[in-house]
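J.: Please find my_file_1.cif (mmCIF, C-alpha atoms) on the next line:
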data_final
#
loop_
_atom_site.label_atom_id
_atom_site.label_comp_id
_atom_site.auth_asym_id
_atom_site.auth_seq_id
_atom_site.Cartn_x
_atom_site.Cartn_y
_atom_site.Cartn_z
CA MET A 220 -19.38 41.40 15.90
CA ARG A 221 -21.29 43.95 13.84
CA PRO A 222 -24.66 42.84 12.41
CA LEU A 223 -23.52 43.37 8.81
CA VAL A 224 -20.41 41.25 9.29
CA ARG A 225 -22.48 38.57 11.03
CA ARG A 226 -24.93 38.46 8.14
CA ILE A 227 -22.12 38.22 5.59
CA LEU A 228 -20.46 35.33 7.45
CA THR A 229 -23.79 33.58 7.89
CA GLY A 230 -24.47 33.96 4.18
CA LEU A 231 -21.07 32.54 3.28
CA VAL A 232 -21.65 29.53 5.54
CA VAL A 233 -25.02 28.92 3.90
CA ILE A 234 -23.51 29.21 0.40
CA VAL A 235 -20.74 26.72 1.24
CA ALA A 236 -23.26 24.34 2.81
CA VAL A 237 -25.54 24.48 -0.23
CA TYR A 238 -22.60 24.06 -2.61
CA CYS A 239 -21.31 21.04 -0.72
CA GLY A 240 -24.81 19.60 -0.65
CA ILE A 241 -25.40 19.71 -4.41
CA ASP A 242 -21.83 19.95 -5.84
CA PRO A 243 -23.08 21.85 -8.94
CA LEU A 244 -19.74 21.89 -10.81
CA LYS A 245 -18.98 18.20 -10.09
CA HIS A 246 -15.40 19.03 -9.16
CA SER A 247 -15.26 17.47 -5.70
CA THR A 248 -13.02 14.57 -4.78
CA ILE A 249 -16.02 12.32 -4.15
CA ASN A 250 -18.01 13.27 -7.25
CA GLY A 251 -19.13 10.04 -8.92
CA PHE A 252 -19.30 8.19 -5.60
CA PRO A 253 -22.91 8.68 -4.48
CA ASP A 254 -22.62 6.09 -1.71
CA PHE A 255 -19.40 7.57 -0.28
CA VAL A 256 -19.34 7.45 3.51
CA SER A 257 -16.73 9.00 5.80
CA HIS A 258 -15.90 6.43 8.48
CA ARG A 259 -14.19 7.28 11.73
CA VAL A 260 -10.59 6.15 11.99
CA ASP A 261 -9.45 5.83 15.58
CA VAL A 262 -6.05 7.45 15.97
CA PRO A 263 -3.78 5.65 18.48
CA ASP A 264 -2.96 7.28 21.78
CA ARG A 265 -0.14 9.79 21.26
CA ARG A 266 1.88 8.11 23.98
CA LEU A 267 2.04 4.95 21.87
CA ILE A 268 3.22 6.67 18.68
CA PRO A 269 7.03 6.44 18.34
CA ASP A 270 8.84 9.74 18.04
CA VAL A 271 12.16 8.34 16.82
CA LYS A 272 13.57 10.29 13.86
CA ASP A 273 16.51 9.79 11.52
CA LEU A 274 18.31 13.07 12.14
CA ASP A 275 20.94 12.19 9.51
CA ASN A 276 18.38 11.62 6.75
CA LEU A 277 20.25 8.47 5.76
CA LEU A 278 17.92 7.55 2.89
CA THR A 279 19.30 10.54 0.98
CA LYS A 280 22.38 8.36 0.47
CA SER A 281 20.34 5.86 -1.54
CA LYS A 282 21.14 5.19 -5.17
CA VAL A 283 18.38 5.78 -7.70
CA LEU A 284 18.33 3.00 -10.29
CA PHE A 285 16.43 2.61 -13.57
CA LEU A 286 15.07 6.17 -13.55
CA ASN A 287 12.22 6.51 -16.10
CA ARG A 288 12.62 2.86 -17.11
CA LEU A 289 9.99 1.65 -14.65
CA GLN A 290 6.67 3.12 -13.58
CA GLY A 291 5.25 2.24 -10.20
CA PRO A 292 7.44 -0.71 -9.09
CA GLU A 293 5.36 -1.61 -6.02
CA SER A 294 6.86 -4.90 -4.87
CA LEU A 295 10.31 -6.43 -5.35
CA ALA A 296 11.21 -10.12 -5.26
CA PHE A 297 14.25 -12.31 -5.87
CA ASP A 298 13.84 -15.89 -7.08
CA PRO A 299 15.18 -18.95 -5.19
CA GLN A 300 18.48 -18.64 -7.11
CA GLY A 301 18.88 -15.03 -5.93
CA ARG A 302 18.24 -13.55 -9.35
CA GLY A 303 16.34 -10.34 -9.85
CA PRO A 304 14.73 -8.22 -8.79
CA TYR A 305 11.35 -8.98 -10.29
CA THR A 306 8.75 -6.25 -10.04
CA GLY A 307 5.22 -5.44 -11.14
CA VAL A 308 4.77 -2.12 -12.93
CA ALA A 309 1.95 0.27 -13.78
CA ASP A 310 1.18 -1.11 -17.25
CA GLY A 311 0.35 -4.53 -15.77
CA ARG A 312 3.55 -6.42 -16.59
CA ILE A 313 5.91 -8.22 -14.25
CA LEU A 314 9.50 -7.52 -15.28
CA PHE A 315 12.76 -9.31 -14.50
CA TRP A 316 16.20 -7.71 -14.21
CA ASP A 317 18.62 -10.21 -15.73
CA GLY A 318 21.70 -8.23 -14.76
CA THR A 319 21.90 -6.21 -17.95
CA SER A 320 18.35 -5.24 -18.89
CA TRP A 321 14.69 -5.51 -17.95
CA THR A 322 12.88 -8.34 -19.68
CA HIS A 323 9.22 -9.33 -19.79
CA PHE A 324 8.42 -12.12 -17.32
CA ALA A 325 4.68 -12.41 -16.75
CA VAL A 326 1.24 -10.81 -16.96
CA THR A 327 -1.87 -11.29 -14.87
CA SER A 328 -4.58 -10.25 -17.32
CA PRO A 329 -5.82 -12.45 -20.20
CA ASN A 330 -7.53 -9.37 -21.66
CA ARG A 331 -4.51 -7.25 -22.47
CA SER A 332 -4.69 -5.16 -25.63
CA GLU A 333 -2.63 -2.51 -27.40
CA MET A 334 -3.69 0.08 -24.82
CA CYS A 335 -1.61 -1.83 -22.27
CA GLU A 336 1.64 -1.83 -24.24
CA THR A 337 4.21 0.87 -23.46
CA LYS A 338 7.85 1.52 -24.15
CA ALA A 339 10.23 0.26 -21.49
CA ASN A 340 11.76 3.71 -21.02
CA SER A 341 8.41 5.50 -20.93
CA ASN A 342 8.14 8.54 -18.66
CA ILE A 343 4.35 8.41 -18.45
CA PRO A 344 3.21 9.19 -14.86
CA ALA A 345 2.10 6.08 -12.98
CA GLY A 346 -1.30 7.62 -12.25
CA SER A 347 -2.16 7.83 -15.95
CA TYR A 348 -2.47 4.02 -16.08
CA LEU A 349 -5.21 3.88 -13.45
CA MET A 350 -8.25 3.88 -15.71
CA ASN A 351 -7.05 0.86 -17.72
CA GLU A 352 -5.78 -1.21 -14.80
CA HIS A 353 -8.92 -3.37 -14.67
CA ILE A 354 -8.14 -4.43 -18.25
CA CYS A 355 -4.35 -4.58 -18.16
CA GLY A 356 -3.97 -5.85 -14.61
CA ARG A 357 -2.00 -4.34 -11.75
CA PRO A 358 0.37 -6.80 -10.03
CA LEU A 359 1.19 -5.61 -6.52
CA GLY A 360 2.60 -8.06 -3.95
CA LEU A 361 5.06 -10.65 -5.32
CA ARG A 362 6.48 -13.72 -3.58
CA PHE A 363 8.37 -16.83 -4.68
CA ASP A 364 7.70 -20.32 -3.36
CA LYS A 365 11.26 -21.32 -2.59
CA LYS A 366 10.45 -25.03 -3.00
CA THR A 367 8.84 -24.90 -6.45
CA GLY A 368 10.15 -21.63 -7.91
CA ASP A 369 6.58 -20.55 -8.65
CA MET A 370 5.77 -16.87 -8.25
CA TYR A 371 2.61 -15.91 -6.40
CA ILE A 372 1.03 -12.59 -7.26
CA ALA A 373 -1.55 -10.36 -5.61
CA ASP A 374 -3.16 -8.44 -8.46
CA ALA A 375 -5.45 -5.56 -7.51
CA TYR A 376 -8.11 -6.67 -10.04
CA PHE A 377 -7.48 -10.34 -10.75
CA GLY A 378 -7.01 -11.57 -7.19
CA LEU A 379 -4.46 -14.20 -6.21
CA LEU A 380 -2.49 -15.78 -9.06
CA LYS A 381 0.47 -18.06 -9.71
CA VAL A 382 2.96 -18.35 -12.55
CA GLY A 383 5.69 -20.94 -13.05
CA PRO A 384 9.45 -20.29 -13.12
CA GLY A 385 9.28 -19.69 -16.87
CA GLY A 386 6.77 -16.86 -16.56
CA GLY A 387 3.93 -16.16 -19.02
CA LEU A 388 0.25 -15.67 -18.29
CA ALA A 389 -0.44 -16.26 -14.60
CA THR A 390 -3.19 -18.64 -13.46
CA GLN A 391 -5.92 -17.34 -11.19
CA LEU A 392 -6.18 -19.13 -7.85
CA ALA A 393 -8.70 -17.03 -5.94
CA THR A 394 -11.17 -14.31 -6.90
CA GLU A 395 -13.54 -14.56 -3.92
CA ALA A 396 -13.55 -15.53 -0.27
CA GLU A 397 -16.59 -16.98 1.46
CA GLY A 398 -18.87 -15.75 -1.30
CA VAL A 399 -17.58 -12.16 -1.37
CA PRO A 400 -15.48 -11.08 -4.40
CA ILE A 401 -11.91 -9.98 -3.76
CA GLY A 402 -12.01 -6.27 -4.53
CA PHE A 403 -8.40 -5.14 -4.04
CA ALA A 404 -5.83 -7.92 -3.54
CA ASN A 405 -2.70 -6.19 -2.31
CA ASP A 406 0.05 -8.23 -0.68
CA LEU A 407 0.85 -11.82 0.31
CA ASP A 408 3.21 -14.33 1.86
CA ILE A 409 3.55 -18.14 1.65
CA ASP A 410 4.19 -20.61 4.46
CA GLY A 411 6.15 -23.86 4.30
CA ASP A 412 3.05 -25.87 3.42
CA GLY A 413 2.15 -23.68 0.46
CA ASN A 414 -0.68 -21.81 2.20
CA VAL A 415 -0.94 -18.25 0.95
CA TYR A 416 -1.90 -15.42 3.28
CA PHE A 417 -2.96 -12.23 1.55
CA SER A 418 -4.76 -8.94 2.04
CA ASP A 419 -7.90 -7.66 0.37
CA SER A 420 -7.67 -3.92 1.04
CA SER A 421 -11.32 -3.20 0.26
CA THR A 422 -14.37 -4.99 -1.09
CA LYS A 423 -15.91 -1.60 -1.96
CA TYR A 424 -13.18 0.40 -3.69
CA GLN A 425 -10.87 -0.79 -6.45
CA ARG A 426 -7.26 0.31 -6.60
CA ARG A 427 -8.03 2.89 -9.29
CA ASN A 428 -10.13 4.61 -6.60
CA PHE A 429 -7.48 4.27 -3.89
CA MET A 430 -7.73 7.96 -2.94
CA GLN A 431 -11.42 7.57 -2.15
CA LEU A 432 -10.52 4.48 -0.13
CA VAL A 433 -7.97 6.50 1.84
CA PHE A 434 -10.36 9.41 2.41
CA SER A 435 -13.32 7.24 3.39
CA GLY A 436 -11.66 5.02 5.98
CA ASP A 437 -13.69 2.17 4.45
CA PRO A 438 -13.76 -0.78 6.90
CA SER A 439 -14.37 -3.62 4.44
CA GLY A 440 -10.76 -4.85 4.27
CA ARG A 441 -9.90 -8.48 4.97
CA LEU A 442 -7.02 -10.84 5.71
CA LEU A 443 -7.40 -14.03 3.68
CA LYS A 444 -5.87 -17.52 3.46
CA TYR A 445 -5.70 -19.69 0.35
CA ASP A 446 -5.33 -23.44 0.89
CA PRO A 447 -3.58 -25.08 -2.11
CA VAL A 448 -4.98 -28.52 -1.21
CA THR A 449 -8.67 -27.64 -0.94
CA LYS A 450 -8.27 -24.60 -3.25
CA GLU A 451 -10.54 -22.69 -0.90
CA THR A 452 -10.04 -19.15 0.39
CA THR A 453 -11.13 -18.31 3.92
CA VAL A 454 -11.39 -15.05 5.85
CA LEU A 455 -9.06 -14.77 8.84
CA GLU A 456 -9.87 -11.15 9.75
CA ARG A 457 -12.49 -8.74 8.43
CA ASN A 458 -13.81 -5.19 8.97
CA MET A 459 -10.37 -3.62 8.66
CA GLN A 460 -9.41 -0.20 7.31
CA PHE A 461 -6.98 -0.58 4.40
CA PRO A 462 -5.05 -3.76 5.33
CA ASN A 463 -1.96 -4.03 3.18
CA GLY A 464 1.46 -5.65 3.67
CA VAL A 465 1.69 -9.26 4.91
CA SER A 466 4.79 -11.09 6.17
CA LEU A 467 5.25 -14.36 8.06
CA SER A 468 7.63 -14.66 11.00
CA LYS A 469 10.87 -16.58 10.61
CA ASP A 470 9.52 -19.61 12.49
CA GLY A 471 6.12 -19.42 10.77
CA SER A 472 4.20 -19.17 14.05
CA PHE A 473 2.61 -15.82 13.22
CA LEU A 474 2.29 -13.24 10.49
CA VAL A 475 2.43 -9.48 10.66
CA PHE A 476 0.14 -7.35 8.54
CA CYS A 477 -0.25 -3.59 8.08
CA GLU A 478 -3.37 -1.55 8.67
CA GLY A 479 -2.78 1.56 6.61
CA ALA A 480 -5.59 3.83 7.79
CA ILE A 481 -4.92 3.40 11.51
CA GLY A 482 -1.16 3.20 11.10
CA ARG A 483 -0.26 0.02 12.93
CA LEU A 484 1.04 -3.52 12.59
CA GLN A 485 -1.12 -6.42 13.71
CA ARG A 486 0.07 -9.91 14.60
CA HIS A 487 -2.08 -12.87 13.55
CA TRP A 488 -1.10 -16.16 15.15
CA VAL A 489 -0.92 -19.09 12.72
CA LYS A 490 0.33 -21.78 15.11
CA GLY A 491 0.37 -22.52 18.83
CA GLU A 492 -2.07 -21.81 21.64
CA LYS A 493 -3.04 -18.42 20.19
CA ALA A 494 -3.61 -19.73 16.65
CA GLY A 495 -6.44 -17.87 14.94
CA THR A 496 -6.19 -14.78 17.16
CA THR A 497 -4.98 -11.29 16.30
CA GLU A 498 -3.31 -8.72 18.53
CA LEU A 499 -1.50 -5.40 18.29
CA PHE A 500 2.13 -5.79 17.22
CA ALA A 501 3.25 -2.15 16.96
CA VAL A 502 1.87 1.37 16.57
CA LEU A 503 3.67 3.18 13.76
CA ALA A 504 4.82 6.76 13.24
CA GLY A 505 2.84 6.94 10.02
CA HIS A 506 0.73 5.08 7.48
CA PRO A 507 2.34 1.84 6.26
CA ASP A 508 2.28 0.05 2.93
CA ASN A 509 4.19 -3.26 2.74
CA VAL A 510 6.18 -5.19 5.33
CA ARG A 511 9.01 -7.64 4.62
CA ARG A 512 10.98 -9.92 6.93
CA ASN A 513 14.76 -10.19 6.65
CA LYS A 514 16.87 -13.32 7.19
CA ASP A 515 17.33 -12.47 10.88
CA GLY A 516 13.59 -12.36 11.53
CA ASP A 517 13.21 -8.59 11.76
CA PHE A 518 10.48 -6.78 9.84
CA TRP A 519 11.11 -3.84 7.51
CA VAL A 520 8.08 -1.58 7.13
CA ALA A 521 7.69 0.92 4.30
CA ILE A 522 5.85 3.93 5.71
CA HIS A 523 4.14 5.93 3.00
CA CYS A 524 4.00 9.11 5.09
CA ARG A 525 4.33 10.25 8.69
CA ARG A 526 1.28 11.21 10.68
CA ASN A 527 0.44 14.91 10.72
CA TRP A 528 -2.05 17.04 12.58
CA TYR A 529 -4.37 17.37 9.58
CA SER A 530 -4.69 13.67 8.79
CA SER A 531 -5.15 12.86 12.49
CA PHE A 532 -7.81 15.55 12.90
CA ILE A 533 -9.97 14.61 9.92
CA SER A 534 -9.65 10.92 10.80
CA THR A 535 -11.85 11.43 13.84
CA HIS A 536 -14.03 14.32 12.56
CA THR A 537 -16.04 12.57 9.86
CA MET A 538 -18.60 15.31 9.17
CA LEU A 539 -15.92 17.95 8.63
CA ARG A 540 -13.97 15.54 6.45
CA HIS A 541 -17.03 14.95 4.29
CA VAL A 542 -17.57 18.70 3.86
CA ILE A 543 -13.93 19.25 2.87
CA LEU A 544 -14.12 16.43 0.34
CA LYS A 545 -17.20 18.03 -1.22
CA LEU A 546 -15.32 21.25 -1.95
CA PRO A 547 -14.08 21.88 -5.53
CA ILE A 548 -10.55 20.77 -4.66
CA PRO A 549 -8.81 18.15 -6.85
CA ALA A 550 -8.19 14.77 -5.25
CA SER A 551 -4.44 15.18 -5.75
CA TYR A 552 -4.47 18.32 -3.59
CA GLN A 553 -6.55 16.62 -0.93
CA PHE A 554 -4.09 13.73 -0.93
CA ARG A 555 -1.13 16.10 -0.59
CA ALA A 556 -2.73 17.66 2.47
CA PHE A 557 -3.33 14.21 3.93
CA ILE A 558 0.34 13.20 3.63
CA GLY A 559 1.59 16.49 5.07
CA GLY A 560 2.15 18.55 1.94
CA THR A 561 5.14 16.83 0.33
CA PHE A 562 6.16 13.30 -0.58
CA HIS A 563 8.87 11.95 1.69
CA ALA A 564 10.22 8.58 2.75
CA MET A 565 10.49 6.53 5.91
CA VAL A 566 11.31 2.91 6.66
CA ALA A 567 11.33 1.26 10.08
CA ARG A 568 12.75 -2.04 11.29
CA TYR A 569 10.97 -3.98 14.03
CA SER A 570 12.08 -7.02 16.03
CA PRO A 571 10.00 -10.24 16.14
CA GLN A 572 8.75 -8.96 19.51
CA GLY A 573 7.49 -5.69 18.03
CA ASP A 574 10.29 -3.43 19.28
CA LEU A 575 11.39 -0.53 17.08
CA LEU A 576 15.05 -1.09 16.16
CA GLN A 577 15.87 1.38 13.39
CA VAL A 578 14.42 4.30 11.43
CA LEU A 579 15.70 5.61 8.10
CA GLU A 580 14.27 8.70 6.42
CA ASP A 581 14.44 11.21 3.63
CA VAL A 582 12.24 13.86 5.23
CA GLN A 583 12.19 16.17 2.21
CA GLY A 584 11.93 13.46 -0.43
CA LYS A 585 15.10 14.64 -2.14
CA VAL A 586 16.08 11.14 -3.26
CA VAL A 587 13.47 8.64 -2.05
CA ARG A 588 9.76 9.29 -1.55
CA ALA A 589 6.36 7.64 -1.21
CA LEU A 590 7.77 4.19 -0.48
CA SER A 591 5.63 1.09 -0.99
CA GLU A 592 8.10 -1.63 -0.03
CA VAL A 593 11.56 -2.17 1.39
CA HIS A 594 13.23 -5.52 0.75
CA GLU A 595 16.56 -6.49 2.35
CA HIS A 596 18.77 -8.53 0.03
CA ASP A 597 22.54 -9.13 0.20
CA GLY A 598 23.25 -6.26 2.59
CA LYS A 599 21.15 -3.73 0.69
CA LEU A 600 17.67 -2.30 1.03
CA TRP A 601 15.80 -2.41 -2.26
CA MET A 602 12.94 0.10 -2.23
CA GLY A 603 9.99 0.38 -4.59
CA SER A 604 7.12 2.80 -4.87
CA VAL A 605 3.76 2.48 -6.59
CA LEU A 606 3.86 6.21 -7.35
CA MET A 607 7.44 6.65 -8.54
CA ASN A 608 9.49 5.83 -11.64
CA PHE A 609 12.58 4.18 -10.17
CA ILE A 610 13.95 1.70 -7.68
CA ALA A 611 16.17 2.99 -4.86
CA VAL A 612 18.94 0.98 -3.17
CA TYR A 613 20.48 1.76 0.21
CA ASP A 614 23.66 0.07 1.47
CA LEU A 615 23.28 -1.17 5.05
#
Please rewrite the model in this file as structure tokens.

T.:
Amino acid sequence: MRPLVRRILTGLVVIVAVYCGIDPLKHSTINGFPDFVSHRVDVPDRRLIPDVKDLDNLLTKSKVLFLNRLQGPESLAFDPQGRGPYTGVADGRILFWDGTSWTHFAVTSPNRSEMCETKANSNIPAGSYLMNEHICGRPLGLRFDKKTGDMYIADAYFGLLKVGPGGGLATQLATEAEGVPIGFANDLDIDGDGNVYFSDSSTKYQRRNFMQLVFSGDPSGRLLKYDPVTKETTVLERNMQFPNGVSLSKDGSFLVFCEGAIGRLQRHWVKGEKAGTTELFAVLAGHPDNVRRNKDGDFWVAIHCRRNWYSSFISTHTMLRHVILKLPIPASYQFRAFIGGTFHAMVARYSPQGDLLQVLEDVQGKVVRALSEVHEHDGKLWMGSVLMNFIAVYDL
């Protein structure tokens, strides 16, 4: 290499290093997060990552329902009478489909104001609600207690809540666990005794900063249990990287929960000789969101995106990741690179033993994309997405 070229390249490296060090234009993805740390995320052995693909792109046959009438329907639930779905949306409301129209069912925030109210057919992007979520609420995981008809809600800002069959303002049940505030309640399930198992995705980052949570690999996530008798919340697992979906097994002996950053399902034993222990259930082809059990005991996993070489590389190269995040590149572009360039869709069905049984995809995101949850009900898969403005339904 010629001396002049070497000096030019050296100068460019120095300029980039200085820029990343001081971020003079304040345009980086992590601007405003002075304590941001890039944590290593251990990528599973390639031999364990399933390579099964849906060559027929079956999710492209899904029906898109309620386009532009819902923003960010993360979780879907049907009440004990089979009515619904119910879903939480970006403006903080929980809505109910009565068969002819969407009606207001419940809210999680007692502080709602006019800034939270939107038109039912609004086409405002889901991301535009982020900065007011801590005021308006953001209901994520929804579950019904089949005995009482009460709905339990994991709200990203207001913790674990419950509302009766008639709806209205939900009552807070838990906002902290063992002295540490719940920072990002995400999903939940309920056992036969009324105990609620739920995830706290991060005690450091709120949902409105979910991109920084994704990029950091923050290991402050927890799996929690709320006891309705003692009204205490205990920590079952801690030091996890973006725990999310939670679903109990059919016999109630264990629960499965998602670890989004690593891309795997973990099994936590609730009963039996292994009670209180956690073990690997399945390594996934991508990064999961929610998990839901069907009536046969299988688990449907909504996979937000498949793994790609870029996300795997920066997961283990923390210094390089930090430098890239300091560049004047918008967070939305960084996120696109992380998910492989385009939004797409994938769902996977696993047996109670952790065996992969079925994969459905829309690899180009032509119909379905960025899935948050897949819920099997009456021979159909109902699919929601925290980032999209519709619900998709696929006939099994």

J.: Once the PyMOL selection byres ((chain A and resi 283) around 10) is applied to the coordinates I shared, what remains selected? I want it as a list in words.

T.: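 Listing what the PyMOL selection byres ((chain A and resi 283) around 10) selects in the shown file: Thr279, Lys280, Ser281, Lys282, Leu284, Phe285, Leu286, Val586, Val587, Met602, Asn608, Phe609, Ile610, Ala611, Val612 and Tyr613 of chain A.
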
J.: Can you list what the PyMOL selection byres ((chain A and resi 364-376) around 8) grabs from this structure, as a PyMOL selection string?

T.: chain A and resi 298-299+327+352-353+356-363+377-384+402-407+409+413+417+425-426

J.: For Glu293 in chain A, work out the shell of residues within 8 Å, counting only C-alpha atoms and skipping chain neighbours fewer than 6 positions away, then give it as a PyMOL selection string.

T.: chain A and resi 306-308+359-360+591-592+603-605

J.: For the selection you just gave me, I'd like the residues written to a file as a short mmCIF file (atom, residue, chain, number, x, y, z; two decimals), in the coordinates of the input, keeping C-alpha atoms.

T.:
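As written to disk, result-v8.cif reads:
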data_model
loop_
_atom_site.label_atom_id
_atom_site.label_comp_id
_atom_site.auth_asym_id
_atom_site.auth_seq_id
_atom_site.Cartn_x
_atom_site.Cartn_y
_atom_site.Cartn_z
CA THR A 306 8.75 -6.25 -10.04
CA GLY A 307 5.22 -5.44 -11.14
CA VAL A 308 4.77 -2.12 -12.93
CA LEU A 359 1.19 -5.61 -6.52
CA GLY A 360 2.60 -8.06 -3.95
CA SER A 591 5.63 1.09 -0.99
CA GLU A 592 8.10 -1.63 -0.03
CA GLY A 603 9.99 0.38 -4.59
CA SER A 604 7.12 2.80 -4.87
CA VAL A 605 3.76 2.48 -6.59
#

J.: Can you tell me, as an mmCIF file with C-alpha atoms, keeping the file's coordinate frame, what residues are no more than 6 Å from Ala550 in chain A when counting all atoms listed in the file, ignoring any on the same chain fewer than 2 positions away?

T.:
data_model
loop_
_atom_site.group_PDB
_atom_site.id
_atom_site.type_symbol
_atom_site.label_atom_id
_atom_site.label_comp_id
_atom_site.auth_asym_id
_atom_site.auth_seq_id
_atom_site.Cartn_x
_atom_site.Cartn_y
_atom_site.Cartn_z
ATOM 1 C CA THR A 248 -13.020 14.570 -4.780
ATOM 2 C CA TYR A 552 -4.470 18.320 -3.590
ATOM 3 C CA GLN A 553 -6.550 16.620 -0.930
#

J.: For range 269-295 of chain A versus range 331-337 of chain A, which residues have an atom no more than 12 Å away, and what is each residue's nearest atom pair and distance in Å rounded to one decimal, using only C-alpha atoms, chain-then-number order, as CSV?

T.:
residue,atom,partner,partner_atom,distance
A:Arg288,CA,A:Thr337,CA,10.7
A:Leu289,CA,A:Thr337,CA,10.6
A:Gln290,CA,A:Thr337,CA,10.4
